[in-house]
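What follows is the content of run_37.cif (mmCIF, N, CA and C atoms and all ligand atoms).
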data_entry
#
loop_
_atom_site.label_atom_id
_atom_site.label_comp_id
_atom_site.auth_asym_id
_atom_site.auth_seq_id
_atom_site.Cartn_x
_atom_site.Cartn_y
_atom_site.Cartn_z
N MET A 1 23.80 -58.93 97.09
CA MET A 1 22.50 -58.52 97.64
C MET A 1 22.71 -57.81 98.99
N ALA A 2 22.06 -56.68 99.17
CA ALA A 2 22.26 -55.94 100.43
C ALA A 2 21.37 -56.51 101.52
N GLY A 3 21.81 -56.34 102.77
CA GLY A 3 20.98 -56.79 103.90
C GLY A 3 21.79 -57.61 104.88
N ASN A 4 21.23 -57.73 106.07
CA ASN A 4 21.92 -58.47 107.14
C ASN A 4 21.31 -59.84 107.33
N ILE A 5 22.07 -60.72 107.97
CA ILE A 5 21.55 -62.03 108.34
C ILE A 5 21.58 -62.13 109.86
N LYS A 6 20.74 -63.01 110.39
CA LYS A 6 20.72 -63.22 111.83
C LYS A 6 21.70 -64.33 112.16
N LEU A 7 22.55 -64.08 113.16
CA LEU A 7 23.47 -65.13 113.64
C LEU A 7 23.02 -65.56 115.03
N GLU A 8 22.82 -66.86 115.18
CA GLU A 8 22.50 -67.44 116.49
C GLU A 8 23.57 -68.48 116.81
N VAL A 9 24.22 -68.34 117.96
CA VAL A 9 25.16 -69.37 118.44
C VAL A 9 24.64 -69.83 119.79
N VAL A 10 24.33 -71.11 119.87
CA VAL A 10 23.65 -71.66 121.05
C VAL A 10 24.43 -72.86 121.58
N THR A 11 24.57 -72.94 122.91
CA THR A 11 25.16 -74.13 123.54
C THR A 11 24.08 -74.75 124.43
N PRO A 12 24.33 -75.93 125.00
CA PRO A 12 23.31 -76.51 125.88
C PRO A 12 23.01 -75.60 127.07
N GLU A 13 23.95 -74.71 127.41
CA GLU A 13 23.77 -73.87 128.59
C GLU A 13 23.14 -72.52 128.29
N LYS A 14 23.46 -71.96 127.12
CA LYS A 14 23.03 -70.57 126.90
C LYS A 14 23.05 -70.17 125.42
N SER A 15 22.44 -68.99 125.19
CA SER A 15 22.57 -68.36 123.89
C SER A 15 23.80 -67.46 123.96
N VAL A 16 24.78 -67.72 123.12
CA VAL A 16 26.04 -66.97 123.17
C VAL A 16 25.98 -65.75 122.25
N VAL A 17 25.38 -65.91 121.08
CA VAL A 17 25.21 -64.79 120.15
C VAL A 17 23.79 -64.85 119.59
N SER A 18 23.15 -63.70 119.53
CA SER A 18 21.86 -63.58 118.84
C SER A 18 21.86 -62.17 118.28
N GLU A 19 22.34 -62.04 117.06
CA GLU A 19 22.67 -60.70 116.56
C GLU A 19 22.60 -60.66 115.03
N GLU A 20 22.30 -59.49 114.51
CA GLU A 20 22.35 -59.30 113.07
C GLU A 20 23.80 -59.14 112.62
N ALA A 21 24.12 -59.69 111.47
CA ALA A 21 25.50 -59.61 110.96
C ALA A 21 25.47 -59.32 109.46
N GLN A 22 26.54 -58.66 108.99
CA GLN A 22 26.64 -58.41 107.55
C GLN A 22 27.14 -59.65 106.84
N ILE A 23 28.06 -60.38 107.53
CA ILE A 23 28.64 -61.61 106.97
C ILE A 23 29.08 -62.48 108.14
N VAL A 24 28.98 -63.79 107.95
CA VAL A 24 29.43 -64.76 108.96
C VAL A 24 30.40 -65.72 108.29
N ILE A 25 31.55 -65.94 108.94
CA ILE A 25 32.54 -66.90 108.43
C ILE A 25 32.78 -67.94 109.51
N ALA A 26 32.63 -69.21 109.14
CA ALA A 26 32.68 -70.26 110.15
C ALA A 26 33.57 -71.42 109.70
N PRO A 27 34.14 -72.18 110.68
CA PRO A 27 35.06 -73.27 110.34
C PRO A 27 34.33 -74.59 110.06
N GLY A 28 33.84 -74.74 108.84
CA GLY A 28 33.16 -75.98 108.46
C GLY A 28 34.14 -77.15 108.42
N SER A 29 33.62 -78.35 108.64
CA SER A 29 34.49 -79.54 108.61
C SER A 29 35.19 -79.70 107.27
N LEU A 30 34.55 -79.23 106.20
CA LEU A 30 35.16 -79.37 104.87
C LEU A 30 35.87 -78.10 104.45
N GLY A 31 36.01 -77.14 105.38
CA GLY A 31 36.68 -75.89 105.06
C GLY A 31 35.88 -74.71 105.55
N GLU A 32 36.55 -73.58 105.67
CA GLU A 32 35.89 -72.38 106.14
C GLU A 32 34.84 -71.93 105.12
N PHE A 33 33.69 -71.44 105.57
CA PHE A 33 32.69 -70.94 104.63
C PHE A 33 32.16 -69.60 105.11
N GLY A 34 31.71 -68.81 104.16
CA GLY A 34 31.14 -67.50 104.46
C GLY A 34 29.68 -67.47 104.05
N VAL A 35 28.86 -66.79 104.83
CA VAL A 35 27.44 -66.68 104.52
C VAL A 35 27.03 -65.20 104.47
N LEU A 36 26.43 -64.83 103.36
CA LEU A 36 25.83 -63.51 103.18
C LEU A 36 24.34 -63.70 103.00
N ILE A 37 23.58 -62.62 103.06
CA ILE A 37 22.13 -62.71 102.84
C ILE A 37 21.86 -63.38 101.47
N GLY A 38 20.87 -64.25 101.45
CA GLY A 38 20.50 -64.89 100.19
C GLY A 38 21.24 -66.18 99.90
N HIS A 39 22.05 -66.63 100.87
CA HIS A 39 22.83 -67.85 100.65
C HIS A 39 21.92 -69.07 100.44
N THR A 40 22.36 -69.99 99.61
CA THR A 40 21.64 -71.25 99.43
C THR A 40 21.63 -72.02 100.76
N PRO A 41 20.52 -72.57 101.17
CA PRO A 41 20.46 -73.30 102.44
C PRO A 41 21.40 -74.51 102.45
N PHE A 42 22.09 -74.72 103.56
CA PHE A 42 22.88 -75.94 103.72
C PHE A 42 23.12 -76.21 105.20
N LEU A 43 23.56 -77.43 105.45
CA LEU A 43 23.80 -77.91 106.80
C LEU A 43 25.20 -78.49 106.82
N THR A 44 25.98 -78.20 107.86
CA THR A 44 27.34 -78.77 107.92
C THR A 44 27.77 -78.97 109.37
N THR A 45 28.71 -79.84 109.56
CA THR A 45 29.37 -79.93 110.87
C THR A 45 30.49 -78.90 110.90
N LEU A 46 30.88 -78.54 112.12
CA LEU A 46 31.95 -77.56 112.30
C LEU A 46 33.15 -78.18 112.97
N LYS A 47 34.31 -77.66 112.63
CA LYS A 47 35.54 -78.01 113.36
C LYS A 47 35.68 -77.08 114.55
N LEU A 48 36.52 -77.48 115.46
CA LEU A 48 36.97 -76.57 116.51
C LEU A 48 37.58 -75.34 115.83
N GLY A 49 37.25 -74.16 116.29
CA GLY A 49 37.85 -72.98 115.67
C GLY A 49 37.16 -71.69 116.05
N ILE A 50 37.21 -70.74 115.14
CA ILE A 50 36.72 -69.40 115.41
C ILE A 50 35.65 -69.02 114.38
N ILE A 51 34.52 -68.53 114.87
CA ILE A 51 33.52 -67.93 113.99
C ILE A 51 33.81 -66.43 113.97
N ARG A 52 33.85 -65.87 112.78
CA ARG A 52 34.05 -64.42 112.65
C ARG A 52 32.80 -63.85 112.04
N TYR A 53 32.40 -62.68 112.48
CA TYR A 53 31.30 -62.02 111.78
C TYR A 53 31.48 -60.52 111.85
N LYS A 54 30.84 -59.86 110.92
CA LYS A 54 30.87 -58.40 110.90
C LYS A 54 29.52 -57.93 111.40
N ASP A 55 29.52 -57.15 112.50
CA ASP A 55 28.23 -56.70 113.03
C ASP A 55 27.64 -55.60 112.14
N VAL A 56 26.45 -55.10 112.50
CA VAL A 56 25.79 -54.15 111.61
C VAL A 56 26.55 -52.84 111.46
N GLN A 57 27.41 -52.54 112.46
CA GLN A 57 28.26 -51.33 112.36
C GLN A 57 29.52 -51.59 111.54
N GLY A 58 29.76 -52.84 111.21
CA GLY A 58 30.95 -53.18 110.42
C GLY A 58 32.13 -53.62 111.28
N ALA A 59 31.93 -53.77 112.62
CA ALA A 59 33.04 -54.22 113.49
C ALA A 59 33.17 -55.74 113.40
N GLU A 60 34.43 -56.21 113.37
CA GLU A 60 34.71 -57.66 113.34
C GLU A 60 34.51 -58.24 114.73
N ARG A 61 33.79 -59.32 114.82
CA ARG A 61 33.55 -60.02 116.10
C ARG A 61 34.05 -61.45 115.97
N TYR A 62 34.51 -62.00 117.11
CA TYR A 62 35.09 -63.35 117.10
C TYR A 62 34.47 -64.19 118.20
N VAL A 63 34.18 -65.43 117.85
CA VAL A 63 33.57 -66.36 118.82
C VAL A 63 34.29 -67.70 118.73
N PHE A 64 34.79 -68.18 119.87
CA PHE A 64 35.37 -69.52 119.92
C PHE A 64 34.24 -70.53 119.82
N VAL A 65 34.46 -71.60 119.06
CA VAL A 65 33.46 -72.67 118.98
C VAL A 65 34.19 -74.03 119.03
N SER A 66 33.63 -74.93 119.84
CA SER A 66 34.32 -76.21 120.06
C SER A 66 33.91 -77.28 119.05
N GLY A 67 33.48 -76.86 117.86
CA GLY A 67 32.90 -77.79 116.89
C GLY A 67 31.39 -77.72 117.01
N GLY A 68 30.66 -78.57 116.30
CA GLY A 68 29.19 -78.56 116.40
C GLY A 68 28.56 -78.63 115.03
N PHE A 69 27.41 -77.96 114.91
CA PHE A 69 26.63 -78.00 113.67
C PHE A 69 26.25 -76.58 113.27
N ALA A 70 26.17 -76.35 111.96
CA ALA A 70 25.69 -75.05 111.47
C ALA A 70 24.62 -75.27 110.42
N GLU A 71 23.58 -74.47 110.52
CA GLU A 71 22.53 -74.45 109.49
C GLU A 71 22.53 -73.05 108.88
N ALA A 72 22.73 -72.99 107.57
CA ALA A 72 22.65 -71.70 106.89
C ALA A 72 21.35 -71.64 106.12
N LEU A 73 20.60 -70.57 106.34
CA LEU A 73 19.37 -70.30 105.58
C LEU A 73 19.60 -68.97 104.86
N PRO A 74 18.75 -68.59 103.94
CA PRO A 74 19.02 -67.34 103.19
C PRO A 74 19.16 -66.11 104.08
N ASN A 75 18.50 -66.12 105.26
CA ASN A 75 18.56 -64.91 106.11
C ASN A 75 19.03 -65.22 107.54
N LYS A 76 19.58 -66.44 107.77
CA LYS A 76 19.93 -66.80 109.14
C LYS A 76 21.00 -67.89 109.18
N VAL A 77 21.92 -67.78 110.16
CA VAL A 77 22.88 -68.86 110.41
C VAL A 77 22.69 -69.28 111.87
N THR A 78 22.47 -70.56 112.08
CA THR A 78 22.32 -71.09 113.44
C THR A 78 23.47 -72.05 113.70
N VAL A 79 24.16 -71.84 114.83
CA VAL A 79 25.25 -72.74 115.22
C VAL A 79 24.88 -73.38 116.54
N LEU A 80 24.97 -74.70 116.59
CA LEU A 80 24.77 -75.45 117.83
C LEU A 80 26.12 -76.04 118.21
N ALA A 81 26.60 -75.72 119.41
CA ALA A 81 27.93 -76.18 119.81
C ALA A 81 27.92 -76.62 121.26
N GLN A 82 28.78 -77.55 121.59
CA GLN A 82 28.89 -77.98 122.98
C GLN A 82 29.41 -76.82 123.84
N ALA A 83 30.35 -76.05 123.30
CA ALA A 83 30.88 -74.89 124.02
C ALA A 83 31.19 -73.77 123.03
N ALA A 84 30.93 -72.54 123.44
CA ALA A 84 31.25 -71.37 122.62
C ALA A 84 31.36 -70.17 123.54
N GLU A 85 32.29 -69.27 123.22
CA GLU A 85 32.41 -68.03 123.98
C GLU A 85 32.81 -66.90 123.05
N ARG A 86 32.23 -65.74 123.28
CA ARG A 86 32.72 -64.54 122.61
C ARG A 86 34.14 -64.28 123.10
N ARG A 87 34.92 -63.62 122.28
CA ARG A 87 36.32 -63.38 122.66
C ARG A 87 36.43 -62.72 124.03
N ARG A 88 35.60 -61.71 124.27
CA ARG A 88 35.72 -60.96 125.54
C ARG A 88 35.33 -61.79 126.76
N ASP A 89 34.64 -62.92 126.55
CA ASP A 89 34.21 -63.76 127.68
C ASP A 89 35.17 -64.90 127.97
N ILE A 90 36.24 -65.00 127.20
CA ILE A 90 37.20 -66.08 127.45
C ILE A 90 38.01 -65.76 128.69
N ASN A 91 38.04 -66.72 129.61
CA ASN A 91 38.82 -66.57 130.84
C ASN A 91 40.22 -67.14 130.56
N ILE A 92 41.18 -66.23 130.46
CA ILE A 92 42.53 -66.64 130.05
C ILE A 92 43.17 -67.56 131.08
N GLU A 93 42.99 -67.25 132.36
CA GLU A 93 43.60 -68.09 133.41
C GLU A 93 43.02 -69.50 133.36
N ARG A 94 41.72 -69.59 133.15
CA ARG A 94 41.09 -70.91 133.06
C ARG A 94 41.64 -71.69 131.85
N ALA A 95 41.78 -71.00 130.73
CA ALA A 95 42.31 -71.69 129.54
C ALA A 95 43.76 -72.12 129.75
N LYS A 96 44.54 -71.29 130.47
CA LYS A 96 45.93 -71.67 130.75
C LYS A 96 45.97 -72.91 131.64
N SER A 97 45.09 -72.96 132.64
CA SER A 97 45.06 -74.14 133.52
C SER A 97 44.65 -75.38 132.73
N ALA A 98 43.65 -75.22 131.86
CA ALA A 98 43.20 -76.36 131.04
C ALA A 98 44.34 -76.83 130.15
N TYR A 99 45.10 -75.87 129.61
CA TYR A 99 46.24 -76.21 128.76
C TYR A 99 47.28 -77.02 129.54
N GLU A 100 47.62 -76.54 130.74
CA GLU A 100 48.64 -77.22 131.56
C GLU A 100 48.17 -78.63 131.96
N ARG A 101 46.90 -78.74 132.33
CA ARG A 101 46.35 -80.04 132.71
C ARG A 101 46.41 -81.03 131.55
N ALA A 102 45.99 -80.55 130.38
CA ALA A 102 45.99 -81.43 129.20
C ALA A 102 47.41 -81.81 128.82
N LYS A 103 48.33 -80.84 128.93
CA LYS A 103 49.71 -81.09 128.55
C LYS A 103 50.32 -82.17 129.45
N SER A 104 50.08 -82.07 130.74
CA SER A 104 50.70 -83.07 131.63
C SER A 104 50.06 -84.45 131.41
N ARG A 105 48.78 -84.48 131.04
CA ARG A 105 48.17 -85.78 130.71
C ARG A 105 48.81 -86.37 129.45
N LEU A 106 49.08 -85.51 128.49
CA LEU A 106 49.68 -86.01 127.24
C LEU A 106 51.12 -86.46 127.46
N GLU A 107 51.77 -85.92 128.50
CA GLU A 107 53.16 -86.31 128.78
C GLU A 107 53.24 -87.56 129.67
N ALA A 108 52.08 -88.02 130.14
CA ALA A 108 52.08 -89.20 131.02
C ALA A 108 52.48 -90.44 130.22
N LYS A 109 52.94 -91.44 130.92
CA LYS A 109 53.32 -92.68 130.25
C LYS A 109 52.05 -93.43 129.85
N PRO A 110 52.07 -94.17 128.72
CA PRO A 110 50.86 -94.84 128.25
C PRO A 110 50.17 -95.69 129.32
N LYS A 111 50.94 -96.32 130.21
CA LYS A 111 50.29 -97.19 131.20
C LYS A 111 49.53 -96.41 132.29
N GLU A 112 49.69 -95.09 132.28
CA GLU A 112 49.06 -94.29 133.35
C GLU A 112 47.58 -94.00 133.13
N ASP A 113 46.92 -94.81 132.36
CA ASP A 113 45.48 -94.73 132.22
C ASP A 113 44.96 -93.33 131.84
N VAL A 114 45.54 -92.78 130.77
CA VAL A 114 45.11 -91.46 130.30
C VAL A 114 44.39 -91.63 128.96
N ASP A 115 43.29 -90.93 128.80
CA ASP A 115 42.59 -90.92 127.51
C ASP A 115 43.27 -89.83 126.66
N PHE A 116 44.17 -90.27 125.78
CA PHE A 116 44.98 -89.31 125.02
C PHE A 116 44.15 -88.50 124.03
N VAL A 117 43.15 -89.15 123.43
CA VAL A 117 42.32 -88.41 122.46
C VAL A 117 41.58 -87.27 123.17
N ARG A 118 41.06 -87.59 124.35
CA ARG A 118 40.34 -86.57 125.13
C ARG A 118 41.29 -85.46 125.58
N ALA A 119 42.49 -85.85 126.01
CA ALA A 119 43.46 -84.85 126.46
C ALA A 119 43.90 -83.95 125.30
N LYS A 120 44.08 -84.56 124.12
CA LYS A 120 44.49 -83.76 122.94
C LYS A 120 43.36 -82.77 122.57
N ALA A 121 42.12 -83.21 122.65
CA ALA A 121 40.99 -82.33 122.33
C ALA A 121 40.93 -81.17 123.33
N ALA A 122 41.17 -81.46 124.61
CA ALA A 122 41.16 -80.40 125.64
C ALA A 122 42.31 -79.42 125.38
N LEU A 123 43.47 -79.97 125.00
CA LEU A 123 44.63 -79.12 124.70
C LEU A 123 44.29 -78.18 123.53
N ASP A 124 43.69 -78.73 122.49
CA ASP A 124 43.35 -77.92 121.31
C ASP A 124 42.32 -76.83 121.67
N ARG A 125 41.35 -77.16 122.49
CA ARG A 125 40.38 -76.12 122.90
C ARG A 125 41.09 -74.99 123.63
N ALA A 126 41.98 -75.37 124.55
CA ALA A 126 42.70 -74.35 125.33
C ALA A 126 43.56 -73.49 124.41
N LEU A 127 44.23 -74.12 123.46
CA LEU A 127 45.10 -73.35 122.55
C LEU A 127 44.30 -72.36 121.71
N TYR A 128 43.16 -72.79 121.19
CA TYR A 128 42.32 -71.88 120.40
C TYR A 128 41.82 -70.73 121.25
N ARG A 129 41.41 -71.05 122.49
CA ARG A 129 40.92 -69.97 123.37
C ARG A 129 42.02 -68.96 123.65
N LEU A 130 43.21 -69.47 123.94
CA LEU A 130 44.32 -68.56 124.26
C LEU A 130 44.70 -67.74 123.04
N LYS A 131 44.74 -68.38 121.88
CA LYS A 131 45.11 -67.67 120.66
C LYS A 131 44.11 -66.55 120.41
N LEU A 132 42.84 -66.86 120.55
CA LEU A 132 41.82 -65.83 120.29
C LEU A 132 41.86 -64.72 121.33
N ALA A 133 41.97 -65.09 122.60
CA ALA A 133 41.92 -64.08 123.67
C ALA A 133 43.17 -63.21 123.71
N GLU A 134 44.31 -63.79 123.35
CA GLU A 134 45.57 -63.07 123.55
C GLU A 134 46.10 -62.36 122.31
N THR A 135 45.78 -62.89 121.13
CA THR A 135 46.44 -62.31 119.96
C THR A 135 45.56 -61.36 119.16
N ARG A 136 44.26 -61.43 119.36
CA ARG A 136 43.40 -60.55 118.56
C ARG A 136 42.80 -59.49 119.45
N LYS A 137 43.63 -58.64 119.99
CA LYS A 137 43.14 -57.61 120.91
C LYS A 137 42.47 -56.49 120.12
P1 LIG A 201 37.86 -76.62 131.42
O1 LIG A 201 38.70 -77.81 131.72
O2 LIG A 201 38.46 -75.33 131.91
O3 LIG A 201 36.39 -76.78 131.76
P2 LIG A 201 37.18 -77.36 128.73
O4 LIG A 201 37.85 -77.12 127.43
O5 LIG A 201 37.08 -78.78 129.16
O6 LIG A 201 37.92 -76.45 129.83
P3 LIG A 201 34.55 -77.04 127.71
O7 LIG A 201 34.04 -78.42 127.94
O8 LIG A 201 34.99 -76.67 126.31
O9 LIG A 201 35.74 -76.72 128.74
O10 LIG A 201 33.46 -75.96 128.18
C1 LIG A 201 32.67 -76.13 129.35
C2 LIG A 201 31.96 -74.81 129.64
O11 LIG A 201 32.90 -73.88 130.19
C3 LIG A 201 31.37 -74.14 128.42
O12 LIG A 201 30.21 -73.44 128.79
C4 LIG A 201 32.44 -73.14 128.00
O13 LIG A 201 31.89 -72.04 127.32
C5 LIG A 201 33.05 -72.74 129.34
N1 LIG A 201 34.50 -72.47 129.29
C6 LIG A 201 35.49 -73.38 129.21
N2 LIG A 201 36.70 -72.78 129.22
C7 LIG A 201 36.45 -71.45 129.27
C8 LIG A 201 37.29 -70.29 129.30
N3 LIG A 201 38.62 -70.37 129.26
N4 LIG A 201 36.69 -69.09 129.36
C9 LIG A 201 35.35 -68.97 129.40
N5 LIG A 201 34.50 -70.01 129.37
C10 LIG A 201 35.03 -71.25 129.31
#

Same coordinates, now as structure tokens:
Amino acid sequence: MAGNIKLEVVTPEKSVVSEEAQIVIAPGSLGEFGVLIGHTPFLTTLKLGIIRYKDVQGAERYVFVSGGFAEALPNKVTVLAQAAERRRDINIERAKSAYERAKSRLEAKPKEDVDFVRAKAALDRALYRLKLAETRK
């Protein structure tokens, strides 16, 4: 079916994307999924990862997402995430600092009162941001 869908990516702080797209591909908890116009409605949680979409001109766009929720409707995809950034808005130096901070926490001795699950999650966010910002120029 021809036509575009509306993509909305929203965090508690801001609207990150509000744009028409030809197709949206997102990292669902049960696997990556793609949405075109006319898709059957569904709701899913998201993993940490990258949302890809094709804008109305056909250019590929990339958005980091820290997990969250997605609602797909026949003509709209809404993503609610704690954090999300378009590729061009990723601050590489900040992500490198977050990576180094998380890495040194993970290298600490267990008795040093470190929340390892939290540090691992921060490390993974930094790695995804760096991968997206640095490798997909
Ligand atoms: P940091 O320790 O640098 O805050 P973090 O992974 O803990 O990293 P998040 O909790 O995921 O940060 O995000 C907090 C806010 O900061 C969100 O609005 C997110 O979009 C933004 N943000 C975090 N890291 C970056 C980055 N490298 N570039 C641009 N925005 C970022």

*asked:* Taking all atoms listed in the file into account, list the residues no farther than 6.5 Å from ligand LIG 201 (chain A), as a PyMOL selection string.
replied: chain A and resi 13+66+82-85+89-98+122+125-126+129

Fewer than 4 positions away in the same chain doesn't count, so skip those; otherwise give me all residues within 9 Å of Leu106 of chain A, counting only C-alpha atoms, as an mmCIF file with N, CA and C atoms, in the frame of the given file.
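around_27.cif, written as the output of this step:
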data_model
loop_
_atom_site.group_PDB
_atom_site.id
_atom_site.type_symbol
_atom_site.label_atom_id
_atom_site.label_comp_id
_atom_site.auth_asym_id
_atom_site.auth_seq_id
_atom_site.Cartn_x
_atom_site.Cartn_y
_atom_site.Cartn_z
ATOM 1 N N ARG A 101 46.900 -78.740 132.330
ATOM 2 C CA ARG A 101 46.350 -80.040 132.710
ATOM 3 C C ARG A 101 46.410 -81.030 131.550
ATOM 4 N N ALA A 102 45.990 -80.550 130.380
ATOM 5 C CA ALA A 102 45.990 -81.430 129.200
ATOM 6 C C ALA A 102 47.410 -81.810 128.820
ATOM 7 N N PRO A 110 52.070 -94.170 128.720
ATOM 8 C CA PRO A 110 50.860 -94.840 128.250
ATOM 9 C C PRO A 110 50.170 -95.690 129.320
ATOM 10 N N VAL A 114 45.540 -92.780 130.770
ATOM 11 C CA VAL A 114 45.110 -91.460 130.300
ATOM 12 C C VAL A 114 44.390 -91.630 128.960
ATOM 13 N N ASP A 115 43.290 -90.930 128.800
ATOM 14 C CA ASP A 115 42.590 -90.920 127.510
ATOM 15 C C ASP A 115 43.270 -89.830 126.660
ATOM 16 N N PHE A 116 44.170 -90.270 125.780
ATOM 17 C CA PHE A 116 44.980 -89.310 125.020
ATOM 18 C C PHE A 116 44.150 -88.500 124.030
ATOM 19 N N ALA A 119 42.490 -85.850 126.010
ATOM 20 C CA ALA A 119 43.460 -84.850 126.460
ATOM 21 C C ALA A 119 43.900 -83.950 125.300
ATOM 22 N N LYS A 120 44.080 -84.560 124.120
ATOM 23 C CA LYS A 120 44.490 -83.760 122.940
ATOM 24 C C LYS A 120 43.360 -82.770 122.570
ATOM 25 N N LEU A 123 43.470 -79.970 125.000
ATOM 26 C CA LEU A 123 44.630 -79.120 124.700
ATOM 27 C C LEU A 123 44.290 -78.180 123.530
#

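Atom pair atom CA of Asp55 of chain A / atom CA of Gly68 of chain A: separated by 22.1 Å.
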
*Step one, run DSSP on the backbone; step two, keep only residues of segment 3-103 of chain A assigned to strand (DSSP E or B); then write them as an NGL selection string.*
:A and (5-10 or 15-28 or 31-35 or 42-55 or 60-73 or 76-80 or 84-86)

*Kindly give the distance, in Å, that separates atom CA of Ala2 of chain A and atom CA of Glu71 of chain A, rounded to a single decimal.*
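Separation between atom CA of Ala2 of chain A and atom CA of Glu71 of chain A: 20.6 Å.
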
*Enter the distance from atom C of Arg86 of chain A to atom C of Phe69 of chain A, in Å, rounded to one decimal.*
17.6 Å

*If you run DSSP over the backbone, which residues in chain A end up alpha helix (DSSP H)? Put them as a VMD selection string.*
chain A and resid 92 to 106 116 to 135

Hey, could you patch up segment 6-12 of chain A with all heavy atoms and hand it over as an mmCIF file, in the frame of the given file?
data_model
loop_
_atom_site.group_PDB
_atom_site.id
_atom_site.type_symbol
_atom_site.label_atom_id
_atom_site.label_comp_id
_atom_site.auth_asym_id
_atom_site.auth_seq_id
_atom_site.Cartn_x
_atom_site.Cartn_y
_atom_site.Cartn_z
ATOM 1 N N LYS A 6 20.740 -63.010 110.390
ATOM 2 C CA LYS A 6 20.720 -63.220 111.830
ATOM 3 C C LYS A 6 21.700 -64.330 112.160
ATOM 4 O O LYS A 6 21.677 -65.388 111.528
ATOM 5 C CB LYS A 6 19.287 -63.607 112.251
ATOM 6 C CG LYS A 6 19.111 -63.796 113.741
ATOM 7 C CD LYS A 6 18.957 -62.451 114.431
ATOM 8 C CE LYS A 6 18.860 -62.571 115.939
ATOM 9 N NZ LYS A 6 17.508 -62.851 116.390
ATOM 10 N N LEU A 7 22.550 -64.080 113.160
ATOM 11 C CA LEU A 7 23.470 -65.130 113.640
ATOM 12 C C LEU A 7 23.020 -65.560 115.030
ATOM 13 O O LEU A 7 22.881 -64.725 115.928
ATOM 14 C CB LEU A 7 24.915 -64.622 113.686
ATOM 15 C CG LEU A 7 25.918 -65.580 114.350
ATOM 16 C CD1 LEU A 7 26.047 -66.883 113.572
ATOM 17 C CD2 LEU A 7 27.297 -64.916 114.491
ATOM 18 N N GLU A 8 22.820 -66.860 115.180
ATOM 19 C CA GLU A 8 22.500 -67.440 116.490
ATOM 20 C C GLU A 8 23.570 -68.480 116.810
ATOM 21 O O GLU A 8 23.791 -69.392 116.011
ATOM 22 C CB GLU A 8 21.155 -68.181 116.471
ATOM 23 C CG GLU A 8 19.959 -67.342 116.127
ATOM 24 C CD GLU A 8 19.269 -66.736 117.344
ATOM 25 O OE1 GLU A 8 19.809 -66.847 118.465
ATOM 26 O OE2 GLU A 8 18.197 -66.143 117.147
ATOM 27 N N VAL A 9 24.220 -68.340 117.960
ATOM 28 C CA VAL A 9 25.160 -69.370 118.440
ATOM 29 C C VAL A 9 24.640 -69.830 119.790
ATOM 30 O O VAL A 9 24.507 -69.022 120.716
ATOM 31 C CB VAL A 9 26.602 -68.830 118.568
ATOM 32 C CG1 VAL A 9 27.544 -69.934 119.056
ATOM 33 C CG2 VAL A 9 27.096 -68.262 117.238
ATOM 34 N N VAL A 10 24.330 -71.110 119.870
ATOM 35 C CA VAL A 10 23.650 -71.660 121.050
ATOM 36 C C VAL A 10 24.430 -72.860 121.580
ATOM 37 O O VAL A 10 24.901 -73.693 120.809
ATOM 38 C CB VAL A 10 22.216 -72.115 120.652
ATOM 39 C CG1 VAL A 10 21.485 -72.697 121.843
ATOM 40 C CG2 VAL A 10 21.432 -70.962 120.066
ATOM 41 N N THR A 11 24.570 -72.940 122.910
ATOM 42 C CA THR A 11 25.160 -74.130 123.540
ATOM 43 C C THR A 11 24.080 -74.750 124.430
ATOM 44 O O THR A 11 23.013 -74.144 124.622
ATOM 45 C CB THR A 11 26.386 -73.760 124.405
ATOM 46 O OG1 THR A 11 25.935 -73.084 125.583
ATOM 47 C CG2 THR A 11 27.381 -72.895 123.663
ATOM 48 N N PRO A 12 24.330 -75.930 125.000
ATOM 49 C CA PRO A 12 23.310 -76.510 125.880
ATOM 50 C C PRO A 12 23.010 -75.600 127.070
ATOM 51 O O PRO A 12 21.935 -75.686 127.672
ATOM 52 C CB PRO A 12 23.960 -77.824 126.358
ATOM 53 C CG PRO A 12 24.949 -78.155 125.298
ATOM 54 C CD PRO A 12 25.463 -76.840 124.787
#
